[in-house]
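**Student:** So I've got this file, final.pdb, and it contains PDB, C-alpha atoms and all ligand atoms:
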MODEL        1
ATOM      1  CA  MET A   1      71.468 200.515  13.231
ATOM      2  CA  LYS A   2      71.896 198.589  16.432
ATOM      3  CA  ALA A   3      72.375 200.243  19.794
ATOM      4  CA  ASP A   4      74.491 197.315  20.919
ATOM      5  CA  ILE A   5      77.963 198.279  19.760
ATOM      6  CA  ARG A   6      80.441 195.441  19.458
ATOM      7  CA  LYS A   7      83.481 195.948  17.293
ATOM      8  CA  ARG A   8      84.858 192.444  17.002
ATOM      9  CA  THR A   9      88.353 191.674  18.172
ATOM     10  CA  ARG A  10      91.033 190.733  15.649
ATOM     11  CA  THR A  11      92.545 187.781  17.464
ATOM     12  CA  ALA A  12      93.010 184.407  15.797
ATOM     13  CA  HIS A  13      90.036 182.077  15.857
ATOM     14  CA  THR A  14      90.569 178.954  17.873
ATOM     15  CA  GLY A  15      87.100 177.459  17.782
ATOM     16  CA  PRO A  16      86.516 173.717  17.934
ATOM     17  CA  SER A  17      87.006 171.659  14.791
ATOM     18  CA  PHE A  18      86.773 168.004  13.766
ATOM     19  CA  LEU A  19      89.588 165.840  12.482
ATOM     20  CA  VAL A  20      89.390 164.116   9.104
ATOM     21  CA  ARG A  21      85.923 162.703   8.512
ATOM     22  CA  ARG A  22      85.002 160.423   5.626
ATOM     23  CA  ALA A  23      81.864 161.645   3.880
ATOM     24  CA  ARG A  24      79.885 160.891   0.688
ATOM     25  CA  ILE A  25      78.954 163.073  -2.236
ATOM     26  CA  ILE A  26      75.185 162.854  -2.602
ATOM     27  CA  ASP A  27      74.482 165.368  -5.345
ATOM     28  CA  VAL A  28      76.503 167.116  -8.042
ATOM     29  CA  ARG A  29      75.028 169.640 -10.460
ATOM     30  CA  ALA A  30      77.313 171.339 -12.957
ATOM     31  CA  ALA A  31      76.632 174.289 -15.280
ATOM     32  CA  GLY A  32      78.431 177.293 -16.729
ATOM     33  CA  GLY A  33      81.855 176.173 -15.463
ATOM     34  CA  TYR A  34      80.697 175.734 -11.848
ATOM     35  CA  ALA A  35      79.336 172.884  -9.774
ATOM     36  CA  ARG A  36      77.111 172.720  -6.742
ATOM     37  CA  VAL A  37      78.157 169.717  -4.660
ATOM     38  CA  ARG A  38      76.205 168.384  -1.692
ATOM     39  CA  ILE A  39      77.902 166.033   0.745
ATOM     40  CA  ALA A  40      76.396 163.865   3.473
ATOM     41  CA  ILE A  41      78.422 163.703   6.670
ATOM     42  CA  GLU A  42      76.995 162.062   9.737
ATOM     43  CA  GLY A  43      76.847 164.180  12.874
ATOM     44  CA  LEU A  44      78.604 167.232  11.442
ATOM     45  CA  SER A  45      79.764 169.109  14.520
ATOM     46  CA  PRO A  46      80.491 171.933  14.802
ATOM     47  CA  ILE A  47      78.390 173.021  11.841
ATOM     48  CA  PRO A  48      80.487 175.463   9.757
ATOM     49  CA  ALA A  49      79.375 179.079  10.129
ATOM     50  CA  PRO A  50      79.217 181.483   7.159
ATOM     51  CA  GLY A  51      82.737 182.505   6.144
ATOM     52  CA  GLN A  52      84.319 179.341   7.519
ATOM     53  CA  PHE A  53      85.844 176.744   5.222
ATOM     54  CA  LEU A  54      86.596 173.027   5.208
ATOM     55  CA  MET A  55      89.784 171.360   3.978
ATOM     56  CA  VAL A  56      88.635 168.870   1.359
ATOM     57  CA  ARG A  57      90.412 165.894  -0.186
ATOM     58  CA  LEU A  58      89.395 163.049  -2.454
ATOM     59  CA  PRO A  59      90.985 159.779  -1.233
ATOM     60  CA  TRP A  60      92.422 159.200  -4.728
ATOM     61  CA  GLY A  61      93.083 162.898  -5.486
ATOM     62  CA  PRO A  62      95.973 165.347  -4.805
ATOM     63  CA  ALA A  63      97.776 164.745  -1.503
ATOM     64  CA  LEU A  64      97.173 168.287  -0.246
ATOM     65  CA  PRO A  65      93.603 169.104   0.659
ATOM     66  CA  ARG A  66      92.004 172.255  -0.787
ATOM     67  CA  ALA A  67      90.039 174.928   1.071
ATOM     68  CA  LEU A  68      86.360 175.303   0.186
ATOM     69  CA  SER A  69      83.913 177.737   1.763
ATOM     70  CA  THR A  70      80.500 176.471   2.708
ATOM     71  CA  LEU A  71      77.555 177.533   0.577
ATOM     72  CA  ALA A  72      75.236 176.017   3.194
ATOM     73  CA  ALA A  73      75.494 173.449   5.985
ATOM     74  CA  GLY A  74      73.271 171.459   8.329
ATOM     75  CA  PRO A  75      73.715 168.834  11.064
ATOM     76  CA  ASP A  76      74.476 166.049   8.568
ATOM     77  CA  TRP A  77      75.301 167.713   5.258
ATOM     78  CA  VAL A  78      77.339 170.461   3.693
ATOM     79  CA  GLU A  79      77.153 172.106   0.295
ATOM     80  CA  PHE A  80      79.873 173.789  -1.786
ATOM     81  CA  LEU A  81      79.905 175.917  -4.926
ATOM     82  CA  LEU A  82      83.013 175.115  -6.942
ATOM     83  CA  LYS A  83      84.702 176.463  -9.976
ATOM     84  CA  ALA A  84      84.812 173.251 -12.028
ATOM     85  CA  GLU A  85      88.542 173.343 -12.822
ATOM     86  CA  GLY A  86      91.772 172.129 -11.251
ATOM     87  CA  ALA A  87      92.771 168.801  -9.782
ATOM     88  CA  LEU A  88      90.398 168.703  -6.834
ATOM     89  CA  ARG A  89      87.545 170.944  -7.886
ATOM     90  CA  GLY A  90      87.429 169.531 -11.426
ATOM     91  CA  ALA A  91      87.291 165.991 -10.078
ATOM     92  CA  MET A  92      84.586 166.846  -7.550
ATOM     93  CA  ALA A  93      82.522 168.536 -10.249
ATOM     94  CA  SER A  94      82.386 165.277 -12.193
ATOM     95  CA  SER A  95      82.205 162.894  -9.228
ATOM     96  CA  PRO A  96      79.632 160.136  -9.262
ATOM     97  CA  ARG A  97      77.001 160.036  -6.565
ATOM     98  CA  ASP A  98      78.289 158.195  -3.474
ATOM     99  CA  ALA A  99      81.971 159.017  -4.132
ATOM    100  CA  ALA A 100      84.005 159.272  -0.934
ATOM    101  CA  VAL A 101      85.468 162.587   0.183
ATOM    102  CA  ASP A 102      87.511 163.523   3.248
ATOM    103  CA  LEU A 103      86.699 166.702   5.117
ATOM    104  CA  ARG A 104      88.226 168.448   8.104
ATOM    105  CA  GLY A 105      87.465 171.746   9.754
ATOM    106  CA  PRO A 106      85.670 174.033  10.127
ATOM    107  CA  TYR A 107      88.433 176.633   9.985
ATOM    108  CA  GLY A 108      88.590 180.412   9.735
ATOM    109  CA  VAL A 109      86.719 183.094  11.614
ATOM    110  CA  PRO A 110      82.981 183.299  10.909
ATOM    111  CA  TYR A 111      82.247 186.590   9.122
ATOM    112  CA  ILE A 112      79.831 187.573  11.872
ATOM    113  CA  GLU A 113      82.713 187.629  14.365
ATOM    114  CA  ARG A 114      84.702 190.019  12.191
ATOM    115  CA  ILE A 115      82.243 192.636  11.034
ATOM    116  CA  ASP A 116      80.953 195.672  12.871
ATOM    117  CA  ASP A 117      77.371 194.866  13.782
ATOM    118  CA  ARG A 118      76.339 198.513  13.957
ATOM    119  CA  ARG A 119      76.204 198.485  10.179
ATOM    120  CA  THR A 120      74.334 196.807   7.346
ATOM    121  CA  TYR A 121      76.205 195.569   4.280
ATOM    122  CA  VAL A 122      76.348 195.182   0.529
ATOM    123  CA  LEU A 123      77.568 191.658  -0.261
ATOM    124  CA  VAL A 124      79.817 191.695  -3.322
ATOM    125  CA  GLY A 125      80.625 188.352  -4.937
ATOM    126  CA  GLY A 126      82.099 187.055  -8.150
ATOM    127  CA  GLY A 127      82.054 183.388  -9.221
ATOM    128  CA  SER A 128      82.553 180.843  -6.434
ATOM    129  CA  GLY A 129      83.128 183.784  -4.068
ATOM    130  CA  VAL A 130      79.350 184.065  -3.929
ATOM    131  CA  ALA A 131      79.214 180.830  -1.847
ATOM    132  CA  PRO A 132      80.107 182.165   1.629
ATOM    133  CA  LEU A 133      78.072 185.314   0.973
ATOM    134  CA  LEU A 134      74.919 183.301   0.256
ATOM    135  CA  HIS A 135      75.559 181.315   3.422
ATOM    136  CA  PHE A 136      75.956 184.599   5.323
ATOM    137  CA  ALA A 137      72.794 186.114   3.796
ATOM    138  CA  ALA A 138      70.736 183.036   4.700
ATOM    139  CA  SER A 139      72.004 183.005   8.305
ATOM    140  CA  HIS A 140      72.179 186.756   9.022
ATOM    141  CA  PRO A 141      69.652 188.513   6.767
ATOM    142  CA  GLU A 142      69.416 191.413   9.219
ATOM    143  CA  PHE A 143      72.919 192.540   8.201
ATOM    144  CA  VAL A 144      72.321 192.388   4.450
ATOM    145  CA  GLU A 145      71.036 195.547   2.761
ATOM    146  CA  ARG A 146      71.852 194.672  -0.860
ATOM    147  CA  THR A 147      73.813 192.233  -2.987
ATOM    148  CA  ALA A 148      76.075 192.760  -6.009
ATOM    149  CA  PHE A 149      76.835 189.324  -7.458
ATOM    150  CA  GLY A 150      78.190 188.430 -10.867
ATOM    151  CA  PHE A 151      79.044 185.400 -13.026
ATOM    152  CA  ARG A 152      80.368 185.258 -16.550
ATOM    153  CA  SER A 153      77.784 182.783 -17.833
ATOM    154  CA  ARG A 154      73.996 182.813 -17.633
ATOM    155  CA  ASP A 155      74.112 179.004 -17.439
ATOM    156  CA  VAL A 156      74.952 179.320 -13.727
ATOM    157  CA  ARG A 157      71.243 180.222 -13.244
ATOM    158  CA  ASP A 158      70.577 176.461 -13.378
ATOM    159  CA  LEU A 159      72.636 176.086 -10.192
ATOM    160  CA  LEU A 160      71.442 179.166  -8.313
ATOM    161  CA  PRO A 161      67.890 179.781  -9.538
ATOM    162  CA  GLU A 162      66.970 181.718  -6.407
ATOM    163  CA  VAL A 163      69.894 184.157  -6.617
ATOM    164  CA  ASP A 164      69.901 187.538  -8.355
ATOM    165  CA  PHE A 165      73.203 188.076 -10.184
ATOM    166  CA  ALA A 166      74.618 189.896 -13.208
ATOM    167  CA  CYS A 167      75.616 187.744 -16.185
ATOM    168  CA  GLU A 168      78.416 189.204 -18.236
ATOM    169  CA  ASP A 169      77.468 187.164 -21.298
ATOM    170  CA  GLU A 170      73.917 188.579 -21.209
ATOM    171  CA  THR A 171      74.303 192.281 -20.474
ATOM    172  CA  GLY A 172      78.036 192.861 -20.001
ATOM    173  CA  GLU A 173      77.287 193.870 -16.415
ATOM    174  CA  THR A 174      79.693 192.686 -13.701
ATOM    175  CA  ALA A 175      79.598 192.435  -9.897
ATOM    176  CA  GLU A 176      81.776 195.573  -9.840
ATOM    177  CA  ASP A 177      79.227 197.494 -11.917
ATOM    178  CA  ARG A 178      76.492 196.397  -9.545
ATOM    179  CA  LEU A 179      78.520 197.539  -6.558
ATOM    180  CA  SER A 180      78.965 200.986  -8.129
ATOM    181  CA  ALA A 181      75.222 201.251  -8.695
ATOM    182  CA  ARG A 182      74.127 199.828  -5.337
ATOM    183  CA  TRP A 183      76.575 201.080  -2.715
ATOM    184  CA  ILE A 184      75.680 204.247  -0.860
ATOM    185  CA  GLU A 185      77.528 206.086   1.886
ATOM    186  CA  GLY A 186      76.959 204.407   5.259
ATOM    187  CA  LEU A 187      76.738 200.834   3.985
ATOM    188  CA  GLY A 188      79.538 198.402   4.772
ATOM    189  CA  ILE A 189      80.911 195.955   2.184
ATOM    190  CA  ILE A 190      81.751 192.263   2.402
ATOM    191  CA  ALA A 191      83.421 191.052  -0.800
ATOM    192  CA  CYS A 192      84.558 187.608  -1.922
ATOM    193  CA  GLY A 193      85.711 186.489  -5.346
ATOM    194  CA  PRO A 194      88.571 186.777  -7.827
ATOM    195  CA  GLU A 195      91.543 188.886  -6.798
ATOM    196  CA  SER A 196      90.763 191.497  -9.492
ATOM    197  CA  LEU A 197      87.338 192.079  -7.898
ATOM    198  CA  LEU A 198      88.787 192.303  -4.384
ATOM    199  CA  ALA A 199      91.538 194.659  -5.597
ATOM    200  CA  SER A 200      88.953 196.943  -7.169
ATOM    201  CA  VAL A 201      86.871 196.962  -3.956
ATOM    202  CA  ALA A 202      89.991 197.733  -1.915
ATOM    203  CA  ARG A 203      91.091 200.553  -4.256
ATOM    204  CA  ARG A 204      87.738 202.247  -4.201
ATOM    205  CA  HIS A 205      86.672 201.605  -0.624
ATOM    206  CA  ARG A 206      89.816 201.457   1.494
ATOM    207  CA  ALA A 207      88.778 204.656   3.237
ATOM    208  CA  SER A 208      85.124 203.622   3.651
ATOM    209  CA  PRO A 209      84.457 202.273   7.126
ATOM    210  CA  ASP A 210      83.740 198.558   7.283
ATOM    211  CA  ALA A 211      84.768 197.458   3.808
ATOM    212  CA  TYR A 212      86.003 193.857   4.096
ATOM    213  CA  VAL A 213      87.457 191.364   1.619
ATOM    214  CA  SER A 214      87.530 187.584   2.030
ATOM    215  CA  LEU A 215      90.975 186.480   0.828
ATOM    216  CA  GLU A 216      91.818 183.280  -1.030
ATOM    217  CA  SER A 217      95.392 182.230  -0.577
ATOM    218  CA  ARG A 218      97.123 178.856  -0.930
ATOM    219  CA  LEU A 219      96.543 176.985   2.283
ATOM    220  CA  GLY A 220      98.661 174.041   3.364
ATOM    221  CA  CYS A 221      97.213 172.973   6.705
ATOM    222  CA  GLY A 222      94.217 175.274   7.259
ATOM    223  CA  PHE A 223      94.801 175.663  10.997
ATOM    224  CA  GLY A 224      97.734 178.062  11.278
ATOM    225  CA  ALA A 225     100.703 175.709  11.616
ATOM    226  CA  CYS A 226     102.380 175.844   8.183
ATOM    227  CA  LEU A 227     102.341 179.651   7.740
ATOM    228  CA  SER A 228     101.958 179.256   3.946
ATOM    229  CA  CYS A 229      99.057 181.720   3.908
ATOM    230  CA  SER A 230     100.822 184.485   5.869
ATOM    231  CA  ILE A 231     100.109 188.022   4.675
ATOM    232  CA  SER A 232     101.352 191.370   5.807
ATOM    233  CA  THR A 233      98.819 193.705   7.430
ATOM    234  CA  THR A 234      99.034 197.076   9.124
ATOM    235  CA  SER A 235      99.079 195.226  12.458
ATOM    236  CA  GLY A 236     101.814 192.734  11.484
ATOM    237  CA  MET A 237     101.886 189.322   9.789
ATOM    238  CA  ARG A 238      98.570 187.444   9.804
ATOM    239  CA  ARG A 239      97.512 184.001   8.573
ATOM    240  CA  VAL A 240      94.546 183.898   6.209
ATOM    241  CA  CYS A 241      93.394 180.552   7.643
ATOM    242  CA  VAL A 242      93.140 181.470  11.328
ATOM    243  CA  ASP A 243      93.048 185.279  11.365
ATOM    244  CA  GLY A 244      90.890 185.523   8.209
ATOM    245  CA  PRO A 245      89.715 184.869   5.630
ATOM    246  CA  LEU A 246      87.950 188.231   6.118
ATOM    247  CA  PHE A 247      90.142 191.333   6.468
ATOM    248  CA  PRO A 248      89.266 195.038   6.467
ATOM    249  CA  CYS A 249      90.570 196.739   3.293
ATOM    250  CA  SER A 250      92.174 199.386   5.529
ATOM    251  CA  GLU A 251      94.488 196.718   7.023
ATOM    252  CA  ILE A 252      95.869 195.378   3.720
ATOM    253  CA  PRO A 253      97.263 198.404   1.849
ATOM    254  CA  TRP A 254      99.034 196.159  -0.718
ATOM    255  CA  LEU A 255      95.722 194.963  -2.190
ATOM    256  CA  GLY A 256      94.606 197.091  -5.135
TER     257      GLY A 256
HETATM  258  C1  LIG B 301      89.357 180.216   2.494
HETATM  259  C2  LIG B 301      89.210 179.738   1.073
HETATM  260  C3  LIG B 301      87.957 179.396   0.605
HETATM  261  C4  LIG B 301      87.790 178.949  -0.709
HETATM  262  N1  LIG B 301      86.546 178.616  -1.142
HETATM  263  C5  LIG B 301      86.356 178.184  -2.404
HETATM  264  C6  LIG B 301      85.051 177.819  -2.860
HETATM  265  O1  LIG B 301      84.071 177.902  -2.125
HETATM  266  N2  LIG B 301      84.935 177.386  -4.134
HETATM  267  C7  LIG B 301      85.995 177.292  -4.992
HETATM  268  O2  LIG B 301      85.826 176.890  -6.143
HETATM  269  N3  LIG B 301      87.252 177.609  -4.572
HETATM  270  C8  LIG B 301      87.456 178.047  -3.310
HETATM  271  N4  LIG B 301      88.714 178.379  -2.879
HETATM  272  C9  LIG B 301      89.831 178.269  -3.828
HETATM  273  C10 LIG B 301      90.394 176.866  -3.836
HETATM  274  O3  LIG B 301      90.733 176.389  -2.562
HETATM  275  C11 LIG B 301      91.706 176.839  -4.662
HETATM  276  O4  LIG B 301      91.514 177.421  -5.883
HETATM  277  C12 LIG B 301      92.180 175.425  -4.743
HETATM  278  O5  LIG B 301      93.198 175.256  -3.777
HETATM  279  C13 LIG B 301      92.707 175.012  -6.087
HETATM  280  O6  LIG B 301      92.689 173.603  -6.051
HETATM  281  P1  LIG B 301      92.285 172.695  -7.298
HETATM  282  O7  LIG B 301      92.545 171.298  -6.944
HETATM  283  O8  LIG B 301      90.930 173.016  -7.752
HETATM  284  O9  LIG B 301      93.252 173.219  -8.412
HETATM  285  P2  LIG B 301      94.723 172.715  -8.716
HETATM  286  O10 LIG B 301      94.855 172.777 -10.196
HETATM  287  O11 LIG B 301      95.094 171.449  -8.058
HETATM  288  O12 LIG B 301      95.542 173.840  -8.016
HETATM  289  C14 LIG B 301      95.902 175.017  -8.675
HETATM  290  C15 LIG B 301      97.392 175.237  -8.433
HETATM  291  O13 LIG B 301      97.581 175.547  -7.042
HETATM  292  C16 LIG B 301      98.482 174.618  -6.457
HETATM  293  N5  LIG B 301      97.982 174.397  -5.098
HETATM  294  C17 LIG B 301      96.720 174.111  -4.767
HETATM  295  N6  LIG B 301      96.617 174.021  -3.426
HETATM  296  C18 LIG B 301      97.847 174.263  -2.941
HETATM  297  C19 LIG B 301      98.390 174.327  -1.642
HETATM  298  N7  LIG B 301      97.629 174.114  -0.570
HETATM  299  N8  LIG B 301      99.700 174.608  -1.507
HETATM  300  C20 LIG B 301     100.471 174.835  -2.568
HETATM  301  N9  LIG B 301     100.007 174.781  -3.828
HETATM  302  C21 LIG B 301      98.731 174.502  -4.007
HETATM  303  C22 LIG B 301      98.441 173.387  -7.289
HETATM  304  O14 LIG B 301      99.627 172.646  -7.208
HETATM  305  C23 LIG B 301      98.256 173.994  -8.689
HETATM  306  O15 LIG B 301      99.461 174.442  -9.232
HETATM  307  C24 LIG B 301      88.914 178.827  -1.577
HETATM  308  C25 LIG B 301      90.178 179.167  -1.091
HETATM  309  C26 LIG B 301      90.333 179.622   0.210
HETATM  310  C27 LIG B 301      91.682 179.983   0.704
ENDMDL
END
Could you write out this structure as structure tokens?

**Tutor:**
Amino acid sequence: MKADIRKRTRTAHTGPSFLVRRARIIDVRAAGGYARVRIAIEGLSPIPAPGQFLMVRLPWGPALPRALSTLAAGPDWVEFLLKAEGALRGAMASSPRDAAVDLRGPYGVPYIERIDDRRTYVLVGGGSGVAPLLHFAASHPEFVERTAFGFRSRDVRDLLPEVDFACEDETGETAEDRLSARWIEGLGIIACGPESLLASVARRHRASPDAYVSLESRLGCGFGACLSCSISTTSGMRRVCVDGPLFPCSEIPWLG
């Protein structure tokens, strides 16, 4: 554990962001109901940090952009892991190479600014919720003790060959089962995925120190103006887009 004790503040994140930028899809791989989509964007600045998300829109797609967490990002590219369903994500998953896409962001508080850095963590992810956790693990390996990831289909291995995860259709094991087997007293938790997974983490670990869930709510603007993602917390109303998406389970008693 680190001697340098810094419990992060819970104020809204107001970091710099870019306005709408036209970018190009350069690679799409789809398998097991998910797609890994890589996008080229010249001079991406600031580069999204793990836990941040971009608001994404196809020029010919739904009027409202959708929030997508970064799986990875560099100075001129960004990569997403999408569930290949729905108006935007379904269309992106079957986009031809070179298709145009509009991005703006990055929004949300980087996970590293939210967590207690005296602790190391189990990362718990289900489905596309694994994306920001892989980004976090690649950028901050010193905070990652174990992972507990799960997908329904083994076919997703084609997209994430380097990642260890449970496949329900192979062994029946889920991310939740892995968490039960891998969490020990003293480890923090960072969870992202379907609401049922987050609810189970919150139910079981609300009293454990440093158990966090990354919430997915419907976002309108992404930068705190429309209030559509407001949630109630023990310290008042908060917006998932600017105060989150990561919240301590202890601050959202309604989850679970
Ligand atoms: C911070 C954050 C990060 C996310 N990261 C990922 C990720 O990495 N990968 C991933 O697959 N998903 C991610 N999601 C979930 C994704 O943004 C939503 O599931 C997405 O909005 C659904 O859009 P769609 O076009 O795929 O589906 P649609 O079928 O278009 O949408 C599903 C339903 O939601 C409605 N809807 C969608 N957006 C809005 C809105 N803004 N306001 C009101 N109604 C709306 C639609 O009208 C429709 O009824 C993330 C969500 C959040 C909040």

**Student:** Selected by the PyMOL selection byres (((not hetatm)) within 8 of (chain B and resi 301)) in the shown coordinates: which residues, as an MDAnalysis selection string?

**Tutor:** chainID A and resid 34 51:54 62 64:71 80:90 108 128:132 214:221 228 240:241 244:245

**Student:** Using the selection just defined, write its residues with C-alpha atoms as a CSV table (one decimal), in the frame of the given file.

**Tutor:**
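Saved file result_18.csv follows:
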chain,number,residue,atom,x,y,z
A,34,TYR,CA,80.7,175.7,-11.8
A,51,GLY,CA,82.7,182.5,6.1
A,52,GLN,CA,84.3,179.3,7.5
A,53,PHE,CA,85.8,176.7,5.2
A,54,LEU,CA,86.6,173.0,5.2
A,62,PRO,CA,96.0,165.3,-4.8
A,64,LEU,CA,97.2,168.3,-0.2
A,65,PRO,CA,93.6,169.1,0.7
A,66,ARG,CA,92.0,172.3,-0.8
A,67,ALA,CA,90.0,174.9,1.1
A,68,LEU,CA,86.4,175.3,0.2
A,69,SER,CA,83.9,177.7,1.8
A,70,THR,CA,80.5,176.5,2.7
A,71,LEU,CA,77.6,177.5,0.6
A,80,PHE,CA,79.9,173.8,-1.8
A,81,LEU,CA,79.9,175.9,-4.9
A,82,LEU,CA,83.0,175.1,-6.9
A,83,LYS,CA,84.7,176.5,-10.0
A,84,ALA,CA,84.8,173.3,-12.0
A,85,GLU,CA,88.5,173.3,-12.8
A,86,GLY,CA,91.8,172.1,-11.3
A,87,ALA,CA,92.8,168.8,-9.8
A,88,LEU,CA,90.4,168.7,-6.8
A,89,ARG,CA,87.5,170.9,-7.9
A,90,GLY,CA,87.4,169.5,-11.4
A,108,GLY,CA,88.6,180.4,9.7
A,128,SER,CA,82.6,180.8,-6.4
A,129,GLY,CA,83.1,183.8,-4.1
A,130,VAL,CA,79.4,184.1,-3.9
A,131,ALA,CA,79.2,180.8,-1.8
A,132,PRO,CA,80.1,182.2,1.6
A,214,SER,CA,87.5,187.6,2.0
A,215,LEU,CA,91.0,186.5,0.8
A,216,GLU,CA,91.8,183.3,-1.0
A,217,SER,CA,95.4,182.2,-0.6
A,218,ARG,CA,97.1,178.9,-0.9
A,219,LEU,CA,96.5,177.0,2.3
A,220,GLY,CA,98.7,174.0,3.4
A,221,CYS,CA,97.2,173.0,6.7
A,228,SER,CA,102.0,179.3,3.9
A,240,VAL,CA,94.5,183.9,6.2
A,241,CYS,CA,93.4,180.6,7.6
A,244,GLY,CA,90.9,185.5,8.2
A,245,PRO,CA,89.7,184.9,5.6

**Student:** Please provide as a PyMOL selection string all residues within 10 Å of range 187-191 of chain A, with the sequence filter that same-chain residues fewer than 2 positions apart are discarded (counting only C-alpha atoms).

**Tutor:** chain A and resi 111+115-126+129-130+132-133+143-149+175+179+182-185+193-194+197-198+201-202+205+208-215+246-249

**Student:** Just to be explicit: take each residue in the selection above, keep C-alpha atoms, and write the result as a CSV table (one decimal), in the coordinates of the input.

**Tutor:**
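The resulting part-v2.csv:
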chain,number,residue,atom,x,y,z
A,111,TYR,CA,82.2,186.6,9.1
A,115,ILE,CA,82.2,192.6,11.0
A,116,ASP,CA,81.0,195.7,12.9
A,117,ASP,CA,77.4,194.9,13.8
A,118,ARG,CA,76.3,198.5,14.0
A,119,ARG,CA,76.2,198.5,10.2
A,120,THR,CA,74.3,196.8,7.3
A,121,TYR,CA,76.2,195.6,4.3
A,122,VAL,CA,76.3,195.2,0.5
A,123,LEU,CA,77.6,191.7,-0.3
A,124,VAL,CA,79.8,191.7,-3.3
A,125,GLY,CA,80.6,188.4,-4.9
A,126,GLY,CA,82.1,187.1,-8.2
A,129,GLY,CA,83.1,183.8,-4.1
A,130,VAL,CA,79.4,184.1,-3.9
A,132,PRO,CA,80.1,182.2,1.6
A,133,LEU,CA,78.1,185.3,1.0
A,143,PHE,CA,72.9,192.5,8.2
A,144,VAL,CA,72.3,192.4,4.4
A,145,GLU,CA,71.0,195.5,2.8
A,146,ARG,CA,71.9,194.7,-0.9
A,147,THR,CA,73.8,192.2,-3.0
A,148,ALA,CA,76.1,192.8,-6.0
A,149,PHE,CA,76.8,189.3,-7.5
A,175,ALA,CA,79.6,192.4,-9.9
A,179,LEU,CA,78.5,197.5,-6.6
A,182,ARG,CA,74.1,199.8,-5.3
A,183,TRP,CA,76.6,201.1,-2.7
A,184,ILE,CA,75.7,204.2,-0.9
A,185,GLU,CA,77.5,206.1,1.9
A,193,GLY,CA,85.7,186.5,-5.3
A,194,PRO,CA,88.6,186.8,-7.8
A,197,LEU,CA,87.3,192.1,-7.9
A,198,LEU,CA,88.8,192.3,-4.4
A,201,VAL,CA,86.9,197.0,-4.0
A,202,ALA,CA,90.0,197.7,-1.9
A,205,HIS,CA,86.7,201.6,-0.6
A,208,SER,CA,85.1,203.6,3.7
A,209,PRO,CA,84.5,202.3,7.1
A,210,ASP,CA,83.7,198.6,7.3
A,211,ALA,CA,84.8,197.5,3.8
A,212,TYR,CA,86.0,193.9,4.1
A,213,VAL,CA,87.5,191.4,1.6
A,214,SER,CA,87.5,187.6,2.0
A,215,LEU,CA,91.0,186.5,0.8
A,246,LEU,CA,88.0,188.2,6.1
A,247,PHE,CA,90.1,191.3,6.5
A,248,PRO,CA,89.3,195.0,6.5
A,249,CYS,CA,90.6,196.7,3.3

**Student:** Starting from the shown file, work through the PyMOL selection byres (((chain A and resi 78) around 9) and not hetatm) and note down what comes out as a list in words.

**Tutor:**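 This file gives the following for the PyMOL selection byres (((chain A and resi 78) around 9) and not hetatm): Val37, Arg38, Ile39, Ala40, Ile41, Leu44, Ile47, Pro48, Thr70, Leu71, Ala72, Ala73, Gly74, Pro75, Asp76, Trp77, Glu79 and Phe80 of chain A.
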
**Student:** Of the candidates A:Asp177, A:Asp164, A:Glu251, A:Glu142, which shows the shortest atom-to-atom distance to Ala207 in chain A, using all atoms listed in the file?

**Tutor:**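 Counting all atoms listed in the file, the residue closest to Ala207 in chain A is A:Glu251.
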
**Student:** Could you please determine the separation between CA of Thr233 in chain A and CA of Arg203 in chain A in Å, to one decimal place?

**Tutor:** 15.6 Å

**Student:** Evaluate the PyMOL selection byres (((chain A and resi 168) around 8) and not hetatm) against this structure - the residues, as number ranges by chain, please.

**Tutor:** A: 150-154, 166-167, 169-174

**Student:** Using CA of Phe136 in chain A and CA of Pro50 in chain A as the two end points, give the distance in Å to one decimal.

**Tutor:** 4.9 Å

**Student:** Which is closer to Phe18 in chain A than all the others in A:Phe223, A:His135, A:Ser95, A:Pro59, using all atoms listed in the file?

**Tutor:**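 Comparing A:Phe223, A:His135, A:Ser95, A:Pro59 against Phe18 in chain A, the winner is A:Phe223.
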
**Student:** Mind pulling up the distance from CA of Gly105 in chain A to CA of Gly236 in chain A?

**Tutor:**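 Separation of CA of Gly236 in chain A and CA of Gly105 in chain A: 25.5 Å.
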
**Student:** Find the spatial neighbours of Thr234 in chain A, counting all atoms listed in the file, within a cut-off of 9 Å - ignore same-chain residues fewer than 5 positions away - and output them as an mmCIF file with C-alpha atoms, keeping the file's coordinate frame.

**Tutor:**
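Written output follows (out.cif):
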data_model
loop_
_atom_site.group_PDB
_atom_site.id
_atom_site.type_symbol
_atom_site.label_atom_id
_atom_site.label_comp_id
_atom_site.auth_asym_id
_atom_site.auth_seq_id
_atom_site.Cartn_x
_atom_site.Cartn_y
_atom_site.Cartn_z
ATOM 1 C CA SER A 250 92.174 199.386 5.529
ATOM 2 C CA GLU A 251 94.488 196.718 7.023
ATOM 3 C CA ILE A 252 95.869 195.378 3.720
ATOM 4 C CA PRO A 253 97.263 198.404 1.849
#

**Student:** Determine the nearest neighbour of Val109 in chain A from the options A:Val156, A:Met55, A:Leu134, A:Ala49, counting only C-alpha atoms.

**Tutor:** A:Ala49
